[in-house]
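A.B. asks: First, the structure itself, so that you have it in front of you.
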Amino acid sequence: MINQHKILNINLDEQLECFDENENIIKPQTRRRVHTKPPRVWHGVTIIWIFTKKHQILCSKRSNLVEGNPGKWQTYFGGHVKSGVSFLQTAQIELKEEIGLDIPEEKIILINEGKRKDAMHFYKMYTVPADFDLSDLNFTDEEITEVKWLSFENYQNELRLNPNNWCNSLKLEQYQQVLLAT
């Protein structure tokens, strides 16, 4: 049985780094305020793709305990930038929390940055070359339950055959950006 309390155990009063429309830092706002619909506050998110030398993508399955997209597969790791924390530090924190990896800053490669007006996100996309075994990973925060390596072709086939099993996508241009950066 799923522990419903854990789903609700999100700190809605957590302070997130917020920005004006030109990405200048402004007063932090709570997660609750940032996620009010429709979105009215620009805030930061990180996205981290992990790839092998053979260009396989580390995909992860979200726990049934998480609020957003429970039980779905995703192609990246990441999260919101907390107040006083940089995008790069957020990438490190998320990798540690979600899959137990301590990655030094110099191994996290920025591949793209921009903004998504519909979600009011300023984002930074990173890649990390995989130099670990899947057995090195652990899922202590219970956000991720499973991981697997997929070639881009196999990922596209899985997404095409079972689109409802996935909560994000890796577009060809993003995949190519990662390959160029690694």
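Residue numbering restarts at 1 in every chain; chains get A, B, ... in the order shown in the structure tokens, and ligands count up from 1 in that same order.
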Please list as a VMD selection string every residue within 12 Å of Phe152 of chain A, counting only C-alpha atoms and excluding residues in the same chain fewer than 5 positions away.

C.D. replies: chain A and resid 51 to 52 54 to 59 75 157 to 159 169 to 176 178 to 179

A.B. asks: Mind checking DSSP for segment 40-173 of chain A and telling me the strand (DSSP E) residues as a ChimeraX atom specification?

C.D. replies: /A:42-51,57-62,73-74,77-80,109-116,121-129,144-150

A.B. asks: What does the file look like for those residues with N, CA and C atoms, as a CSV table (one decimal), in the first residue's frame?

C.D. replies:
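Contents of again_39.csv, freshly written:
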```csv
chain,number,residue,atom,x,y,z
A,42,TRP,N,8.7,33.9,-11.9
A,42,TRP,CA,9.8,33.2,-12.6
A,42,TRP,C,10.7,32.6,-11.5
A,43,HIS,N,11.0,31.3,-11.8
A,43,HIS,CA,11.8,30.6,-10.8
A,43,HIS,C,12.8,29.6,-11.6
A,44,GLY,N,13.8,29.1,-10.9
A,44,GLY,CA,14.8,28.3,-11.6
A,44,GLY,C,14.6,26.8,-11.4
A,45,VAL,N,15.0,26.1,-12.5
A,45,VAL,CA,15.0,24.6,-12.4
A,45,VAL,C,16.2,24.1,-13.2
A,46,THR,N,16.7,23.0,-12.7
A,46,THR,CA,17.8,22.3,-13.4
A,46,THR,C,17.3,21.0,-14.0
A,47,ILE,N,18.0,20.6,-15.1
A,47,ILE,CA,17.7,19.4,-15.8
A,47,ILE,C,19.1,18.8,-16.0
A,48,ILE,N,19.2,17.5,-15.7
A,48,ILE,CA,20.5,16.8,-15.8
A,48,ILE,C,20.3,15.5,-16.5
A,49,TRP,N,21.0,15.3,-17.7
A,49,TRP,CA,21.0,14.1,-18.4
A,49,TRP,C,22.3,13.4,-18.2
A,50,ILE,N,22.2,12.1,-18.0
A,50,ILE,CA,23.4,11.2,-17.8
A,50,ILE,C,23.5,10.3,-18.9
A,51,PHE,N,24.7,10.3,-19.6
A,51,PHE,CA,24.9,9.4,-20.8
A,51,PHE,C,26.2,8.6,-20.6
A,57,ILE,N,21.2,6.7,-22.5
A,57,ILE,CA,20.6,7.6,-21.6
A,57,ILE,C,20.2,6.9,-20.3
A,58,LEU,N,20.5,7.5,-19.2
A,58,LEU,CA,20.1,6.9,-17.9
A,58,LEU,C,18.6,7.4,-17.7
A,59,CYS,N,17.7,6.5,-17.7
A,59,CYS,CA,16.3,6.8,-17.5
A,59,CYS,C,15.9,6.3,-16.1
A,60,SER,N,15.0,7.1,-15.5
A,60,SER,CA,14.6,6.7,-14.2
A,60,SER,C,13.0,6.6,-14.0
A,61,LYS,N,12.6,5.8,-13.2
A,61,LYS,CA,11.2,5.6,-12.9
A,61,LYS,C,10.8,6.4,-11.6
A,62,ARG,N,9.9,7.3,-11.7
A,62,ARG,CA,9.5,8.1,-10.5
A,62,ARG,C,8.6,7.2,-9.6
A,73,TRP,N,8.2,7.1,-16.2
A,73,TRP,CA,9.6,7.1,-16.6
A,73,TRP,C,10.0,8.5,-17.0
A,74,GLN,N,11.3,8.9,-16.8
A,74,GLN,CA,11.8,10.2,-17.3
A,74,GLN,C,13.2,10.0,-17.8
A,77,PHE,N,17.2,14.0,-14.6
A,77,PHE,CA,17.0,14.2,-13.1
A,77,PHE,C,17.0,15.8,-13.0
A,78,GLY,N,16.6,16.2,-11.8
A,78,GLY,CA,16.6,17.7,-11.6
A,78,GLY,C,15.6,18.1,-10.6
A,79,GLY,N,15.5,19.5,-10.5
A,79,GLY,CA,14.6,20.0,-9.6
A,79,GLY,C,14.7,21.5,-9.5
A,80,HIS,N,13.9,22.1,-8.6
A,80,HIS,CA,13.8,23.5,-8.4
A,80,HIS,C,15.1,24.1,-7.7
A,109,ILE,N,28.4,19.4,-17.0
A,109,ILE,CA,28.6,20.2,-18.2
A,109,ILE,C,27.3,20.9,-18.6
A,110,LEU,N,27.4,22.2,-18.7
A,110,LEU,CA,26.2,23.0,-19.1
A,110,LEU,C,26.1,22.8,-20.6
A,111,ILE,N,24.9,22.5,-21.1
A,111,ILE,CA,24.6,22.3,-22.5
A,111,ILE,C,23.6,23.3,-23.1
A,112,ASN,N,22.8,23.8,-22.2
A,112,ASN,CA,21.8,24.8,-22.7
A,112,ASN,C,21.1,25.5,-21.5
A,113,GLU,N,20.6,26.7,-21.8
A,113,GLU,CA,19.9,27.4,-20.8
A,113,GLU,C,18.8,28.3,-21.5
A,114,GLY,N,17.8,28.6,-20.8
A,114,GLY,CA,16.7,29.4,-21.4
A,114,GLY,C,15.6,29.6,-20.5
A,115,LYS,N,14.4,29.9,-21.1
A,115,LYS,CA,13.2,30.1,-20.2
A,115,LYS,C,12.0,29.5,-20.9
A,116,ARG,N,11.1,29.0,-20.1
A,116,ARG,CA,9.8,28.5,-20.5
A,116,ARG,C,8.7,29.4,-19.9
A,121,HIS,N,9.7,29.2,-16.0
A,121,HIS,CA,11.0,28.5,-15.6
A,121,HIS,C,12.1,29.2,-16.3
A,122,PHE,N,13.1,29.6,-15.6
A,122,PHE,CA,14.5,29.7,-16.1
A,122,PHE,C,15.1,28.4,-15.9
A,123,TYR,N,15.7,27.8,-16.9
A,123,TYR,CA,16.3,26.5,-16.8
A,123,TYR,C,17.7,26.5,-17.2
A,124,LYS,N,18.5,25.6,-16.7
A,124,LYS,CA,19.8,25.2,-17.1
A,124,LYS,C,19.8,23.7,-17.3
A,125,MET,N,20.3,23.3,-18.5
A,125,MET,CA,20.3,21.9,-18.8
A,125,MET,C,21.8,21.5,-18.8
A,126,TYR,N,22.0,20.4,-18.1
A,126,TYR,CA,23.4,19.8,-17.9
A,126,TYR,C,23.5,18.4,-18.4
A,127,THR,N,24.7,18.0,-18.6
A,127,THR,CA,24.9,16.5,-18.8
A,127,THR,C,26.1,16.1,-17.9
A,128,VAL,N,26.1,14.8,-17.6
A,128,VAL,CA,27.1,14.2,-16.8
A,128,VAL,C,27.5,12.9,-17.4
A,129,PRO,N,28.8,12.8,-17.8
A,129,PRO,CA,29.2,11.5,-18.4
A,129,PRO,C,29.2,10.4,-17.3
A,144,ILE,N,12.9,8.2,-6.7
A,144,ILE,CA,13.2,7.3,-7.9
A,144,ILE,C,13.2,5.8,-7.3
A,145,THR,N,12.6,4.9,-8.1
A,145,THR,CA,12.5,3.5,-7.7
A,145,THR,C,13.3,2.6,-8.6
A,146,GLU,N,13.7,3.0,-9.8
A,146,GLU,CA,14.3,2.1,-10.8
A,146,GLU,C,15.0,3.0,-11.8
A,147,VAL,N,16.1,2.5,-12.4
A,147,VAL,CA,16.8,3.1,-13.5
A,147,VAL,C,17.1,2.1,-14.5
A,148,LYS,N,17.4,2.6,-15.7
A,148,LYS,CA,17.8,1.7,-16.8
A,148,LYS,C,18.5,2.6,-17.9
A,149,TRP,N,19.4,1.9,-18.6
A,149,TRP,CA,20.1,2.6,-19.8
A,149,TRP,C,19.3,2.3,-21.0
A,150,LEU,N,19.1,3.3,-21.8
A,150,LEU,CA,18.4,3.1,-23.1
A,150,LEU,C,19.2,3.9,-24.2
```

A.B. asks: With distances taken over only C-alpha atoms, which residue among A:Glu21, A:Glu67, A:Glu143, A:Asp102 lies nearest Asp131 of chain A?

C.D. replies: A:Asp102

A.B. asks: Extract, using only C-alpha atoms, all DNA, RNA and protein residues at most 7 Å from Ile99 of chain A, discarding same-chain residues fewer than 2 positions from it, and format them as a PyMOL selection string.

C.D. replies: chain A and resi 95-97+101+137-139

A.B. asks: Select, from A:Gln156, A:Asp118, A:Pro70, A:Val41, the residue with the minimum atom-to-atom distance to Glu23 of chain A, counting only C-alpha atoms.

C.D. replies: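 Ranking A:Gln156, A:Asp118, A:Pro70, A:Val41 by distance to Glu23 of chain A, first place goes to A:Val41.
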